[in-house]
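So this block is start.pdb, PDB, C-alpha atoms:
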ATOM      1  CA  MET A  30       0.000   0.000   0.000
ATOM      2  CA  ALA A  31       1.535   3.254  -1.138
ATOM      3  CA  ASP A  32       1.389   6.530   0.694
ATOM      4  CA  PRO A  33      -1.722   8.507  -0.418
ATOM      5  CA  ALA A  34       0.443  11.508  -1.249
ATOM      6  CA  ARG A  35       2.654   9.351  -3.464
ATOM      7  CA  ALA A  36      -0.398   7.813  -5.148
ATOM      8  CA  ARG A  37      -1.701  11.320  -5.854
ATOM      9  CA  LYS A  38       1.644  12.355  -7.350
ATOM     10  CA  VAL A  39       1.760   9.235  -9.521
ATOM     11  CA  ALA A  40      -1.811   9.897 -10.662
ATOM     12  CA  ASP A  41      -0.949  13.478 -11.599
ATOM     13  CA  ARG A  42       2.125  12.300 -13.499
ATOM     14  CA  ILE A  43       0.088   9.666 -15.375
ATOM     15  CA  LYS A  44      -2.446  12.348 -16.298
ATOM     16  CA  VAL A  45       0.268  14.547 -17.823
ATOM     17  CA  ILE A  46       1.965  11.674 -19.665
ATOM     18  CA  VAL A  47      -1.308  10.400 -21.158
ATOM     19  CA  ALA A  48      -2.342  13.901 -22.247
ATOM     20  CA  GLU A  49       1.020  14.561 -23.903
ATOM     21  CA  TYR A  50       0.995  11.165 -25.595
ATOM     22  CA  LEU A  51      -2.479  11.756 -26.995
ATOM     23  CA  GLU A  52      -1.519  15.204 -28.232
ATOM     24  CA  TYR A  53       1.868  14.481 -29.796
ATOM     25  CA  ARG A  54       2.140  10.749 -30.522
ATOM     26  CA  ILE A  55      -1.199   9.379 -31.696
ATOM     27  CA  LYS A  56      -1.860  10.356 -35.285
ATOM     28  CA  ASP A  57      -5.355   8.911 -35.711
ATOM     29  CA  ASP A  58      -7.994  11.010 -37.447
ATOM     30  CA  ARG A  59     -10.729   9.428 -35.330
ATOM     31  CA  LEU A  60      -9.230  10.908 -32.170
ATOM     32  CA  GLY A  61     -11.411  13.880 -31.312
ATOM     33  CA  PHE A  62     -10.767  16.887 -29.148
ATOM     34  CA  VAL A  63      -9.897  14.995 -25.957
ATOM     35  CA  THR A  64      -9.337  16.450 -22.505
ATOM     36  CA  ILE A  65      -7.956  14.310 -19.695
ATOM     37  CA  THR A  66      -9.941  15.526 -16.679
ATOM     38  CA  ASP A  67      -8.733  13.261 -13.866
ATOM     39  CA  THR A  68      -6.683  10.192 -13.047
ATOM     40  CA  ARG A  69      -7.130   7.959 -10.038
ATOM     41  CA  VAL A  70      -4.691   5.289  -8.923
ATOM     42  CA  THR A  71      -5.378   2.441  -6.531
ATOM     43  CA  GLY A  72      -3.483   2.336  -3.246
ATOM     44  CA  ASP A  73      -1.074  -0.345  -4.500
ATOM     45  CA  LEU A  74      -0.371   1.607  -7.735
ATOM     46  CA  GLN A  75      -1.464  -1.359  -9.863
ATOM     47  CA  HIS A  76      -4.451   0.179 -11.603
ATOM     48  CA  ALA A  77      -5.090   3.673 -12.966
ATOM     49  CA  SER A  78      -8.456   5.025 -14.095
ATOM     50  CA  VAL A  79      -8.106   7.853 -16.610
ATOM     51  CA  PHE A  80     -11.167  10.079 -17.005
ATOM     52  CA  TYR A  81     -11.576  12.008 -20.247
ATOM     53  CA  THR A  82     -14.071  14.183 -22.075
ATOM     54  CA  VAL A  83     -14.532  14.634 -25.796
ATOM     55  CA  PHE A  84     -15.880  17.767 -27.423
ATOM     56  CA  GLY A  85     -18.233  16.746 -30.206
ATOM     57  CA  SER A  86     -21.104  14.486 -31.118
ATOM     58  CA  ASP A  87     -21.846  10.997 -29.840
ATOM     59  CA  GLU A  88     -20.192   9.462 -32.917
ATOM     60  CA  GLU A  89     -16.981  11.397 -32.227
ATOM     61  CA  ARG A  90     -17.070  10.279 -28.595
ATOM     62  CA  GLN A  91     -17.441   6.650 -29.620
ATOM     63  CA  ALA A  92     -14.645   6.947 -32.218
ATOM     64  CA  THR A  93     -12.355   8.488 -29.573
ATOM     65  CA  ALA A  94     -13.185   5.678 -27.143
ATOM     66  CA  ASP A  95     -12.275   3.145 -29.853
ATOM     67  CA  VAL A  96      -8.945   4.899 -30.529
ATOM     68  CA  LEU A  97      -8.100   4.935 -26.813
ATOM     69  CA  GLU A  98      -8.869   1.232 -26.467
ATOM     70  CA  ALA A  99      -6.840   0.393 -29.583
ATOM     71  CA  ASN A 100      -3.805   2.344 -28.316
ATOM     72  CA  LYS A 101      -4.069   1.389 -24.645
ATOM     73  CA  GLY A 102      -0.892  -0.734 -24.799
ATOM     74  CA  ARG A 103       1.186   2.010 -26.372
ATOM     75  CA  ILE A 104      -0.094   4.557 -23.866
ATOM     76  CA  ARG A 105       0.659   2.186 -20.978
ATOM     77  CA  SER A 106       4.184   1.687 -22.303
ATOM     78  CA  ALA A 107       4.723   5.460 -22.413
ATOM     79  CA  VAL A 108       3.358   5.753 -18.862
ATOM     80  CA  GLY A 109       5.758   3.023 -17.672
ATOM     81  CA  LYS A 110       8.734   4.831 -19.179
ATOM     82  CA  GLY A 111       7.597   8.192 -17.837
ATOM     83  CA  ILE A 112       6.844   7.407 -14.209
ATOM     84  CA  GLY A 113       9.741   5.072 -13.544
ATOM     85  CA  ILE A 114       8.220   2.806 -10.909
ATOM     86  CA  ARG A 115       8.746  -0.941 -10.672
ATOM     87  CA  LEU A 116       5.305  -1.985 -11.928
ATOM     88  CA  THR A 117       3.433  -0.065 -14.603
ATOM     89  CA  PRO A 118      -0.245   0.319 -13.667
ATOM     90  CA  SER A 119      -2.904  -1.033 -15.980
ATOM     91  CA  LEU A 120      -4.957   1.712 -17.599
ATOM     92  CA  GLU A 121      -8.708   2.054 -17.830
ATOM     93  CA  PHE A 122     -10.214   4.883 -19.859
ATOM     94  CA  ILE A 123     -13.544   6.146 -18.559
ATOM     95  CA  ALA A 124     -15.636   8.776 -20.316
ATOM     96  CA  ASP A 125     -16.228  11.495 -17.746
ATOM     97  CA  ALA A 126     -19.840  12.437 -17.057
ATOM     98  CA  LEU A 127     -18.853  16.065 -16.541
ATOM     99  CA  PRO A 128     -20.434  17.469 -19.750
ATOM    100  CA  GLU A 129     -23.736  15.696 -19.117
ATOM    101  CA  GLY A 130     -23.774  16.964 -15.539
ATOM    102  CA  ALA A 131     -23.015  20.491 -16.712
ATOM    103  CA  ALA A 132     -25.778  20.314 -19.320
ATOM    104  CA  HIS A 133     -28.220  19.130 -16.653
ATOM    105  CA  LEU A 134     -27.227  22.026 -14.376
ATOM    106  CA  GLU A 135     -27.645  24.510 -17.241
ATOM    107  CA  ASP A 136     -31.156  23.148 -17.855
ATOM    108  CA  LEU A 137     -32.003  23.560 -14.168
ATOM    109  CA  VAL A 138     -30.699  27.139 -14.156
ATOM    110  CA  ALA A 139     -32.760  27.952 -17.279
ATOM    111  CA  GLN A 140     -35.903  26.504 -15.655
ATOM    112  CA  THR A 141     -35.248  28.501 -12.495
ATOM    113  CA  ARG A 142     -34.808  31.726 -14.470
ATOM    114  CA  ALA A 143     -38.071  31.090 -16.324
ATOM    115  CA  ARG A 144     -39.893  30.555 -13.010
ATOM    116  CA  ASP A 145     -38.330  33.709 -11.560
ATOM    117  CA  GLU A 146     -39.488  35.744 -14.581
ATOM    118  CA  GLU A 147     -42.982  34.290 -14.249
ATOM    119  CA  LEU A 148     -43.074  35.206 -10.555
ATOM    120  CA  ALA A 149     -41.791  38.714 -11.339
ATOM    121  CA  ARG A 150     -44.587  39.216 -13.889
ATOM    122  CA  ALA A 151     -47.170  37.984 -11.375
ATOM    123  CA  ALA A 152     -45.731  40.204  -8.635
ATOM    124  CA  ALA A 153     -45.808  43.288 -10.863
ATOM    125  CA  ASN A 154     -49.614  43.189 -11.067
ATOM    126  CA  ALA A 155     -50.213  41.994  -7.518
ATOM    127  CA  THR A 156     -51.534  44.050  -4.641
ATOM    128  CA  HIS A 157     -51.128  43.567  -0.938
ATOM    129  CA  ALA A 158     -53.650  41.291   0.766
ATOM    130  CA  GLY A 159     -54.367  43.740   3.579
ATOM    131  CA  GLU A 160     -54.226  47.478   3.944
ATOM    132  CA  PRO A 161     -51.443  49.354   2.145
ATOM    133  CA  ASP A 162     -49.941  50.341   5.503
ATOM    134  CA  PRO A 163     -50.398  47.368   7.868
ATOM    135  CA  TYR A 164     -48.895  49.092  10.906
ATOM    136  CA  LYS A 165     -51.173  50.600  13.547
ATOM    137  CA  LYS A 166     -50.783  54.289  14.158
ATOM    138  CA  PRO A 167     -51.285  55.932  17.545
ATOM    139  CA  ALA A 168     -54.684  57.563  17.935
ATOM    140  CA  ASP A 169     -54.834  61.359  17.720
ATOM    141  CA  ARG A 170     -55.673  62.280  21.323
ATOM    142  CA  SER A 171     -56.265  66.000  20.789
ATOM    143  CA  ALA A 172     -59.162  65.255  18.423
ATOM    144  CA  ASP A 173     -60.706  62.861  20.983
ATOM    145  CA  GLU A 174     -60.412  65.404  23.801
ATOM    146  CA  ASP A 175     -61.920  68.234  21.718
ATOM    147  CA  ASP A 176     -64.922  66.051  20.945
ATOM    148  CA  ASP A 177     -65.702  65.641  24.666
ATOM    149  CA  GLY A 178     -66.394  69.344  25.050
ATOM    150  CA  ASP A 179     -66.298  69.500  28.859
ATOM    151  CA  ALA A 180     -64.147  71.649  31.111
ATOM    152  CA  ALA A 181     -62.148  68.716  32.367
ATOM    153  CA  GLY A 182     -61.125  67.933  28.827
ATOM    154  CA  THR A 183     -59.989  71.517  28.346
ATOM    155  CA  ALA A 184     -58.074  71.480  31.582
ATOM    156  CA  GLY A 185     -56.444  68.231  30.571
ATOM    157  CA  THR A 186     -55.397  69.808  27.288
ATOM    158  CA  ALA A 187     -53.938  72.790  29.031
ATOM    159  CA  GLY A 188     -52.081  70.528  31.404
ATOM    160  CA  THR A 189     -50.653  68.602  28.478
ATOM    161  CA  ALA A 190     -49.595  71.819  26.795
ATOM    162  CA  GLY A 191     -47.848  72.838  29.995
ATOM    163  CA  ARG A 192     -45.911  69.568  30.038
ATOM    164  CA  VAL A 193     -44.922  69.972  26.414
ATOM    165  CA  GLN A 194     -43.688  73.493  27.156
ATOM    166  CA  ALA A 195     -41.698  72.166  30.127
ATOM    167  CA  ASP A 196     -40.132  69.447  27.935
ATOM    168  CA  GLN A 197     -39.062  72.054  25.397
ATOM    169  CA  ASP A 198     -37.452  74.160  28.116
ATOM    170  CA  VAL A 199     -35.451  71.138  29.292
ATOM    171  CA  ASP A 200     -34.218  70.388  25.764
ATOM    172  CA  ALA A 201     -33.090  73.943  25.267
TER     173      ALA A 201
END
Can you dump the structure from the file as structure tokens?
Amino acid sequence: MADPARARKVADRIKVIVAEYLEYRIKDDRLGFVTITDTRVTGDLQHASVFYTVFGSDEERQATADVLEANKGRIRSAVGKGIGIRLTPSLEFIADALPEGAAHLEDLVAQTRARDEELARAAANATHAGEPDPYKKPADRSADEDDDGDAAGTAGTAGTAGRVQADQDVDA
């Protein structure tokens, strides 16, 4: 069992070697626009899974998969020479599901935007369910006291005015 840090370094090195080999060594017209996205190595460094994506149609993806399978031995030989460890790991090429996942996420974002626009259109014409100003305001006491019309109400008003005047003197 190799150290996880060493396995990660070997995986990164395999990724670079495979990418360079595909770019510079394989001269097959069926090989599409390939990107090596990730490489994972088992703990004992005996097996490497190489994940790749292909830009193009389904036919181009299948043709690229066929080219990779046909040249797996040559690629493994280049990996063995490049990493310099005792045993060369066996290679497995796996088409990465990254583009399909990204397309699915783009569809979800488009659906969400459409729903947001629909809600914005509905909200533009909507009115509040209750009163426009739902907060209670304090009652106007001077109007209530003037309606009473008795002397006590007048005295109370004068007393309030005196307190207001006293408060203004304190502030000044």
What is the distance, in Å and to one decimal place, between atom CA of A:Ala131 and atom CA of A:Glu89?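 Between atom CA of A:Ala131 and atom CA of A:Glu89 the gap is 19.0 Å.
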Enumerate, as a PDB file with C-alpha atoms, keeping the file's coordinate frame, the residues matched when the PyMOL selection byres ((chain A and resi 43-58) around 8) is run on the file above.
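Once written, part-v9.pdb looks like this:
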ATOM      1  CA  VAL A  39       1.760   9.235  -9.521  1.00  0.00           C
ATOM      2  CA  ALA A  40      -1.811   9.897 -10.662  1.00  0.00           C
ATOM      3  CA  ASP A  41      -0.949  13.478 -11.599  1.00  0.00           C
ATOM      4  CA  ARG A  42       2.125  12.300 -13.499  1.00  0.00           C
ATOM      5  CA  ARG A  59     -10.729   9.428 -35.330  1.00  0.00           C
ATOM      6  CA  LEU A  60      -9.230  10.908 -32.170  1.00  0.00           C
ATOM      7  CA  GLY A  61     -11.411  13.880 -31.312  1.00  0.00           C
ATOM      8  CA  THR A  64      -9.337  16.450 -22.505  1.00  0.00           C
ATOM      9  CA  ILE A  65      -7.956  14.310 -19.695  1.00  0.00           C
ATOM     10  CA  ASP A  67      -8.733  13.261 -13.866  1.00  0.00           C
ATOM     11  CA  THR A  68      -6.683  10.192 -13.047  1.00  0.00           C
ATOM     12  CA  VAL A  79      -8.106   7.853 -16.610  1.00  0.00           C
ATOM     13  CA  VAL A  96      -8.945   4.899 -30.529  1.00  0.00           C
ATOM     14  CA  ILE A 104      -0.094   4.557 -23.866  1.00  0.00           C
ATOM     15  CA  ALA A 107       4.723   5.460 -22.413  1.00  0.00           C
ATOM     16  CA  VAL A 108       3.358   5.753 -18.862  1.00  0.00           C
ATOM     17  CA  GLY A 111       7.597   8.192 -17.837  1.00  0.00           C
ATOM     18  CA  ILE A 112       6.844   7.407 -14.209  1.00  0.00           C
TER      19      ILE A 112
END
Could you pull out every residue with an atom within 12 Å of (-7.7, 7.7, -0.6), file coordinates, counting all atoms listed in the file, and send them as number ranges by chain? A: 30-37, 40, 69-74
Would you compute the distance between atom CA of A:Ser86 and atom CA of A:Arg105? Give it in Å to one decimal.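 A separation of 27.0 Å between them.
Using only C-alpha atoms, the smallest distance between any of A:Asn100, A:Ser106, A:Asn154, A:Thr82 and A:Glu129 comes from A:Thr82.
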What lies within 12 Å of A:Ala126 using only C-alpha atoms, ignoring chain neighbours under 6 positions off, as a PyMOL selection string? chain A and resi 66-67+80-83+132-133
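With atom CA of A:Val63 on one side and atom CA of A:Leu97 on the other, the separation reads 10.3 Å.
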Find the residues around stretch 116-118 of chain A up to 6 Å (all atoms listed in the file counted), leave out those fewer than 4 positions away in its own chain, and share them as a PyMOL selection string. chain A and resi 75-77+109
Name the closest residue to A:Thr93 among the candidates A:Phe62, A:Ala168, A:Asp125, A:Ala153; distances are taken between atoms, counting only C-alpha atoms. A:Phe62
Could stretch 43-62 of chain A be completed with N, CA, C and O atoms and written as a PDB file, in the coordinates of the input, please?
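Resulting contents of part-v3.pdb:
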ATOM      1  N   ILE A  43       0.732  10.475 -14.328  1.00  0.00           N
ATOM      2  CA  ILE A  43       0.088   9.666 -15.375  1.00  0.00           C
ATOM      3  C   ILE A  43      -0.835  10.545 -16.219  1.00  0.00           C
ATOM      4  O   ILE A  43      -0.872  10.423 -17.449  1.00  0.00           O
ATOM      5  N   LYS A  44      -1.546  11.446 -15.577  1.00  0.00           N
ATOM      6  CA  LYS A  44      -2.446  12.348 -16.298  1.00  0.00           C
ATOM      7  C   LYS A  44      -1.681  13.182 -17.320  1.00  0.00           C
ATOM      8  O   LYS A  44      -2.094  13.303 -18.480  1.00  0.00           O
ATOM      9  N   VAL A  45      -0.541  13.721 -16.922  1.00  0.00           N
ATOM     10  CA  VAL A  45       0.268  14.547 -17.823  1.00  0.00           C
ATOM     11  C   VAL A  45       0.843  13.705 -18.963  1.00  0.00           C
ATOM     12  O   VAL A  45       0.809  14.112 -20.136  1.00  0.00           O
ATOM     13  N   ILE A  46       1.354  12.531 -18.640  1.00  0.00           N
ATOM     14  CA  ILE A  46       1.965  11.674 -19.665  1.00  0.00           C
ATOM     15  C   ILE A  46       0.929  11.245 -20.695  1.00  0.00           C
ATOM     16  O   ILE A  46       1.189  11.282 -21.909  1.00  0.00           O
ATOM     17  N   VAL A  47      -0.255  10.839 -20.230  1.00  0.00           N
ATOM     18  CA  VAL A  47      -1.308  10.400 -21.158  1.00  0.00           C
ATOM     19  C   VAL A  47      -1.749  11.571 -22.038  1.00  0.00           C
ATOM     20  O   VAL A  47      -1.911  11.411 -23.255  1.00  0.00           O
ATOM     21  N   ALA A  48      -1.914  12.740 -21.465  1.00  0.00           N
ATOM     22  CA  ALA A  48      -2.342  13.901 -22.247  1.00  0.00           C
ATOM     23  C   ALA A  48      -1.303  14.254 -23.314  1.00  0.00           C
ATOM     24  O   ALA A  48      -1.652  14.530 -24.467  1.00  0.00           O
ATOM     25  N   GLU A  49      -0.028  14.254 -22.931  1.00  0.00           N
ATOM     26  CA  GLU A  49       1.020  14.561 -23.903  1.00  0.00           C
ATOM     27  C   GLU A  49       1.096  13.495 -24.991  1.00  0.00           C
ATOM     28  O   GLU A  49       1.294  13.807 -26.170  1.00  0.00           O
ATOM     29  N   TYR A  50       0.934  12.238 -24.610  1.00  0.00           N
ATOM     30  CA  TYR A  50       0.995  11.165 -25.595  1.00  0.00           C
ATOM     31  C   TYR A  50      -0.159  11.294 -26.589  1.00  0.00           C
ATOM     32  O   TYR A  50       0.039  11.112 -27.798  1.00  0.00           O
ATOM     33  N   LEU A  51      -1.335  11.607 -26.097  1.00  0.00           N
ATOM     34  CA  LEU A  51      -2.479  11.756 -26.995  1.00  0.00           C
ATOM     35  C   LEU A  51      -2.294  12.956 -27.930  1.00  0.00           C
ATOM     36  O   LEU A  51      -2.688  12.915 -29.090  1.00  0.00           O
ATOM     37  N   GLU A  52      -1.679  14.001 -27.422  1.00  0.00           N
ATOM     38  CA  GLU A  52      -1.519  15.204 -28.232  1.00  0.00           C
ATOM     39  C   GLU A  52      -0.422  15.062 -29.290  1.00  0.00           C
ATOM     40  O   GLU A  52      -0.602  15.480 -30.434  1.00  0.00           O
ATOM     41  N   TYR A  53       0.708  14.465 -28.907  1.00  0.00           N
ATOM     42  CA  TYR A  53       1.868  14.481 -29.796  1.00  0.00           C
ATOM     43  C   TYR A  53       2.152  13.160 -30.503  1.00  0.00           C
ATOM     44  O   TYR A  53       2.811  13.156 -31.544  1.00  0.00           O
ATOM     45  N   ARG A  54       1.726  12.040 -29.976  1.00  0.00           N
ATOM     46  CA  ARG A  54       2.140  10.749 -30.522  1.00  0.00           C
ATOM     47  C   ARG A  54       1.080  10.051 -31.361  1.00  0.00           C
ATOM     48  O   ARG A  54       1.409   9.426 -32.359  1.00  0.00           O
ATOM     49  N   ILE A  55      -0.156  10.105 -30.958  1.00  0.00           N
ATOM     50  CA  ILE A  55      -1.199   9.379 -31.696  1.00  0.00           C
ATOM     51  C   ILE A  55      -1.649  10.225 -32.878  1.00  0.00           C
ATOM     52  O   ILE A  55      -2.107  11.352 -32.714  1.00  0.00           O
ATOM     53  N   LYS A  56      -1.518   9.643 -34.057  1.00  0.00           N
ATOM     54  CA  LYS A  56      -1.860  10.356 -35.285  1.00  0.00           C
ATOM     55  C   LYS A  56      -3.071   9.685 -35.936  1.00  0.00           C
ATOM     56  O   LYS A  56      -3.053   9.313 -37.099  1.00  0.00           O
ATOM     57  N   ASP A  57      -4.146   9.545 -35.198  1.00  0.00           N
ATOM     58  CA  ASP A  57      -5.355   8.911 -35.711  1.00  0.00           C
ATOM     59  C   ASP A  57      -6.409   9.994 -35.932  1.00  0.00           C
ATOM     60  O   ASP A  57      -6.676  10.802 -35.040  1.00  0.00           O
ATOM     61  N   ASP A  58      -6.995   9.993 -37.136  1.00  0.00           N
ATOM     62  CA  ASP A  58      -7.994  11.010 -37.447  1.00  0.00           C
ATOM     63  C   ASP A  58      -9.268  10.841 -36.629  1.00  0.00           C
ATOM     64  O   ASP A  58     -10.029  11.802 -36.466  1.00  0.00           O
ATOM     65  N   ARG A  59      -9.516   9.662 -36.128  1.00  0.00           N
ATOM     66  CA  ARG A  59     -10.729   9.428 -35.330  1.00  0.00           C
ATOM     67  C   ARG A  59     -10.630  10.020 -33.928  1.00  0.00           C
ATOM     68  O   ARG A  59     -11.640  10.188 -33.264  1.00  0.00           O
ATOM     69  N   LEU A  60      -9.416  10.343 -33.498  1.00  0.00           N
ATOM     70  CA  LEU A  60      -9.230  10.908 -32.170  1.00  0.00           C
ATOM     71  C   LEU A  60      -9.760  12.340 -32.169  1.00  0.00           C
ATOM     72  O   LEU A  60      -9.272  13.200 -32.892  1.00  0.00           O
ATOM     73  N   GLY A  61     -10.784  12.559 -31.371  1.00  0.00           N
ATOM     74  CA  GLY A  61     -11.411  13.880 -31.312  1.00  0.00           C
ATOM     75  C   GLY A  61     -10.665  14.818 -30.378  1.00  0.00           C
ATOM     76  O   GLY A  61      -9.526  14.581 -29.970  1.00  0.00           O
ATOM     77  N   PHE A  62     -11.326  15.894 -30.057  1.00  0.00           N
ATOM     78  CA  PHE A  62     -10.767  16.887 -29.148  1.00  0.00           C
ATOM     79  C   PHE A  62     -10.923  16.350 -27.726  1.00  0.00           C
ATOM     80  O   PHE A  62     -11.953  16.494 -27.082  1.00  0.00           O
TER      81      PHE A  62
END
